[in-house]
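S.K.: The structure under discussion is supplied below as structure tokens; questions concerning it will follow.
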Amino acid sequence: MFNSLSDRLQDTFEKLRGKGRLTEDDINVAMREIRMALLEADVNFRVVKEFVARCKEKCLTAEVMDSLTPAQNVVRIVLDELTALLGSTDSKLTLAQNRTPNVIMLVGLQGSGKTTAAAKLAYLLKSQGHSPLLAACDTHRPAAADQLATLGGEIGVSVFRGDGKDAVAVAEGSIREAIDHLNDIVIVDTAGRLQIDEEMMEEAVAIKRAVRPDQILMVVDAMTGQDIVNVVTEFANRVDFDGVIMSKLDGDARGGGALSVREVTGKPIKFVSMGEKPDSLEVFHPDRMAKRILGMGDVVGIIEQAQKMADEQQIEDAERMLREGFTMDDLLAQMQQIRKMGGLAKIMGMIPGMERAMSQMPQAADDSQLTRIEAIIRSMTREERVRPKIINGQRRKRIAAGSGRSVQEVNQLIKQWDEMNKMMGKMRGMAQQMGGKGGKKNRRAMQQMMRNMGNMGNMGGGGRLPF
């Protein structure tokens, strides 16, 4: 969503880096370009005006102008201000410790993705060990309860529908249902409209009064643009929500709404939705988003994604690979892990500098590459997967025909496997040097090596990457 804005800002900084010293005119030109970039991204004009004024004031200080690296200081100031614009610090979901069930109420306009967001939030909370219940309180939109029931069934979360007529009664009934079935969280999906109207607001206020929610989250469509400001302001005045779920952040709109919400309402963005899958709801980190917009990537995010996938079985698999070598089955397993982490495009977009390169060469992050490689591997026999070195010319022709790919593509894959296997051999030698002959020592050495590999890209954040 922020690709266009990111490109404009990076171009501005490149011009500054080409100058040994900066003059006041240089700063004025840079601030003018930043202002235009933000306005073209559909950021609210009042937000842009205040943002640029703060940046300019700090950039014109003697500390910046007289420094040896003034351009770097300008980038740092813009990064700090952009982080503050998005929220400065992470704002986690706050749940009451002395109340069961906790109640989370979702509000927003129709089409913003409330019902889908409710299911995604339930999936996230369930993965954290909670037992959520979904309450279908949208009694106005046809089939809204059916949609929620379908989504709940897909993720294994119960849905309370009540009589399907009175939204307040359904909300109250969901609390009793949660108590009876030991659910510790109720997520209330309320009705929306195509635009704000009095009936919708009164119903939202009535539900709030009836169930006394611990958290009220407003679901906002990130593709709305500047119009988002009027919507969130009205909801803030009437129901006083606690935070925002930004949906459709993976869309192709200009992203100005996401940059305006925090500054206009003072309400933090708590979650962002980056796709359609149940696991696509993520905790929002303002500093990481600011770095990505400025082309600095999100290496810590990659590490965290990898940590989610890492488990004891992976450690055992890594030990086996160090002992026996790297097979085609191992390569297939790693591609499946990449898919679970969100695919090539998502991972590459979190690497510093890669997001811009992807916009110029979109084929580099095409997940269909994984599909082609998977087809080739699945066309191999069991023996060929374990011992790829036995694949001769005749076997390569058979594999190519079976996978619908060319012999050249099969050759490229085998070459890539050979390079990976050589790297695994070097790692095997490192592990032996670190751990000696003892089994426990080898295991500790291998685990330490995995941590070191994760720390290479972590810049102090800790973590590990799966092989």
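Identifiers in the structure tokens: chain A, B, ... in order shown; residue index from 1 per chain; ligand index from 1 in order shown.
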Need to verify the contact set: Leu93 of chain A, 10 Å, only C-alpha atoms, exclusion of same-chain residues closer than 4 positions in sequence. Can you return it as a list of chain:residue names?

M.R.: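 The contact residues come out as A:Ile104, A:Asp214, A:Gln215, A:Leu217, A:Asp242, A:Gly243, A:Lys270, A:Phe271, A:Val283.
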
S.K.: Which residues come within 12 Å of Asn98 of chain A, counting only C-alpha atoms, excluding same-chain residues fewer than 3 positions away, as an MDAnalysis selection string?

M.R.: chainID A and resid 95 101:102 184 214

S.K.: Atoms to include: N, CA, C and O atoms. Write the selected residues as an mmCIF file, in the first residue's frame.

M.R.:
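In the end it all went to again.cif:
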```
data_model
loop_
_atom_site.group_PDB
_atom_site.id
_atom_site.type_symbol
_atom_site.label_atom_id
_atom_site.label_comp_id
_atom_site.auth_asym_id
_atom_site.auth_seq_id
_atom_site.Cartn_x
_atom_site.Cartn_y
_atom_site.Cartn_z
ATOM 1 N N LEU A 95 -6.727 -6.663 28.385
ATOM 2 C CA LEU A 95 -7.815 -7.490 28.891
ATOM 3 C C LEU A 95 -7.851 -7.422 30.417
ATOM 4 O O LEU A 95 -6.806 -7.397 31.063
ATOM 5 N N PRO A 101 -16.466 -13.380 31.267
ATOM 6 C CA PRO A 101 -15.547 -13.198 30.138
ATOM 7 C C PRO A 101 -15.203 -11.733 29.903
ATOM 8 O O PRO A 101 -15.961 -10.842 30.255
ATOM 9 N N ASN A 102 -14.051 -11.514 29.284
ATOM 10 C CA ASN A 102 -13.729 -10.193 28.754
ATOM 11 C C ASN A 102 -14.573 -9.977 27.492
ATOM 12 O O ASN A 102 -14.825 -10.927 26.752
ATOM 13 N N ASP A 184 -13.577 -17.395 27.805
ATOM 14 C CA ASP A 184 -13.022 -16.266 28.569
ATOM 15 C C ASP A 184 -13.051 -14.939 27.814
ATOM 16 O O ASP A 184 -12.762 -13.896 28.391
ATOM 17 N N ASP A 214 -14.780 -4.421 27.587
ATOM 18 C CA ASP A 214 -13.462 -4.049 28.106
ATOM 19 C C ASP A 214 -12.663 -3.283 27.058
ATOM 20 O O ASP A 214 -11.824 -2.443 27.394
#
```

S.K.: Could you check which of A:Val47, A:Val52, A:Leu133, A:Gly113 is closest to Arg32 of chain A, using only C-alpha atoms?

M.R.: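 Distance minimum relative to Arg32 of chain A lands on A:Val52.
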
S.K.: Hey, what's within 7 Å of Leu134 of chain A if we count only C-alpha atoms and toss same-chain stuff fewer than 3 positions away? As a ChimeraX atom specification, please?

M.R.: /A:158-160,186-188

S.K.: How many Å separate atom CA of Ser247 of chain A from atom CA of Thr116 of chain A?

M.R.: 9.2 Å

S.K.: Give the strand (DSSP E) residues of segment 164-226 of chain A, as DSSP finds them on the backbone, and put them as a compact mmCIF listing (two decimals) with N, CA and C atoms, in the first residue's frame.

M.R.:
```txt
# COMPACT_ATOMS: atom_id res chain seq x y z
N ILE A 185 -13.42 -14.97 26.52
CA ILE A 185 -13.51 -13.74 25.73
C ILE A 185 -14.72 -13.81 24.80
N VAL A 186 -15.48 -12.72 24.74
CA VAL A 186 -16.59 -12.60 23.78
C VAL A 186 -16.24 -11.48 22.81
N ILE A 187 -16.29 -11.78 21.52
CA ILE A 187 -16.05 -10.77 20.48
C ILE A 187 -17.38 -10.43 19.83
N VAL A 188 -17.83 -9.21 19.99
CA VAL A 188 -19.14 -8.76 19.52
C VAL A 188 -19.01 -8.09 18.17
N ASP A 189 -19.60 -8.70 17.15
CA ASP A 189 -19.61 -8.13 15.79
C ASP A 189 -20.89 -7.33 15.60
N THR A 190 -20.77 -6.00 15.49
CA THR A 190 -21.96 -5.15 15.40
C THR A 190 -22.28 -4.79 13.95
N GLN A 215 -12.90 -3.62 25.79
CA GLN A 215 -12.24 -2.94 24.69
C GLN A 215 -13.23 -2.73 23.54
N ILE A 216 -13.22 -1.53 22.98
CA ILE A 216 -14.00 -1.26 21.76
C ILE A 216 -12.99 -0.95 20.65
N LEU A 217 -13.02 -1.76 19.62
CA LEU A 217 -12.09 -1.57 18.51
C LEU A 217 -12.86 -1.18 17.26
N MET A 218 -12.41 -0.15 16.60
CA MET A 218 -13.04 0.27 15.36
C MET A 218 -12.29 -0.33 14.18
N VAL A 219 -13.00 -1.01 13.30
CA VAL A 219 -12.40 -1.60 12.10
C VAL A 219 -12.48 -0.57 10.98
N VAL A 220 -11.32 -0.24 10.43
CA VAL A 220 -11.23 0.81 9.42
C VAL A 220 -10.61 0.23 8.15
N ASP A 221 -11.24 0.50 7.02
CA ASP A 221 -10.72 0.09 5.73
C ASP A 221 -9.58 1.02 5.34
```

S.K.: Given the choices A:Leu5, A:Val261, A:Ile373, A:Leu60, which gets closest to Met36 of chain A if the distance is worked out from only C-alpha atoms?

M.R.: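 Looking only at the distances to Met36 of chain A, the closest residue turns out to be A:Leu5.
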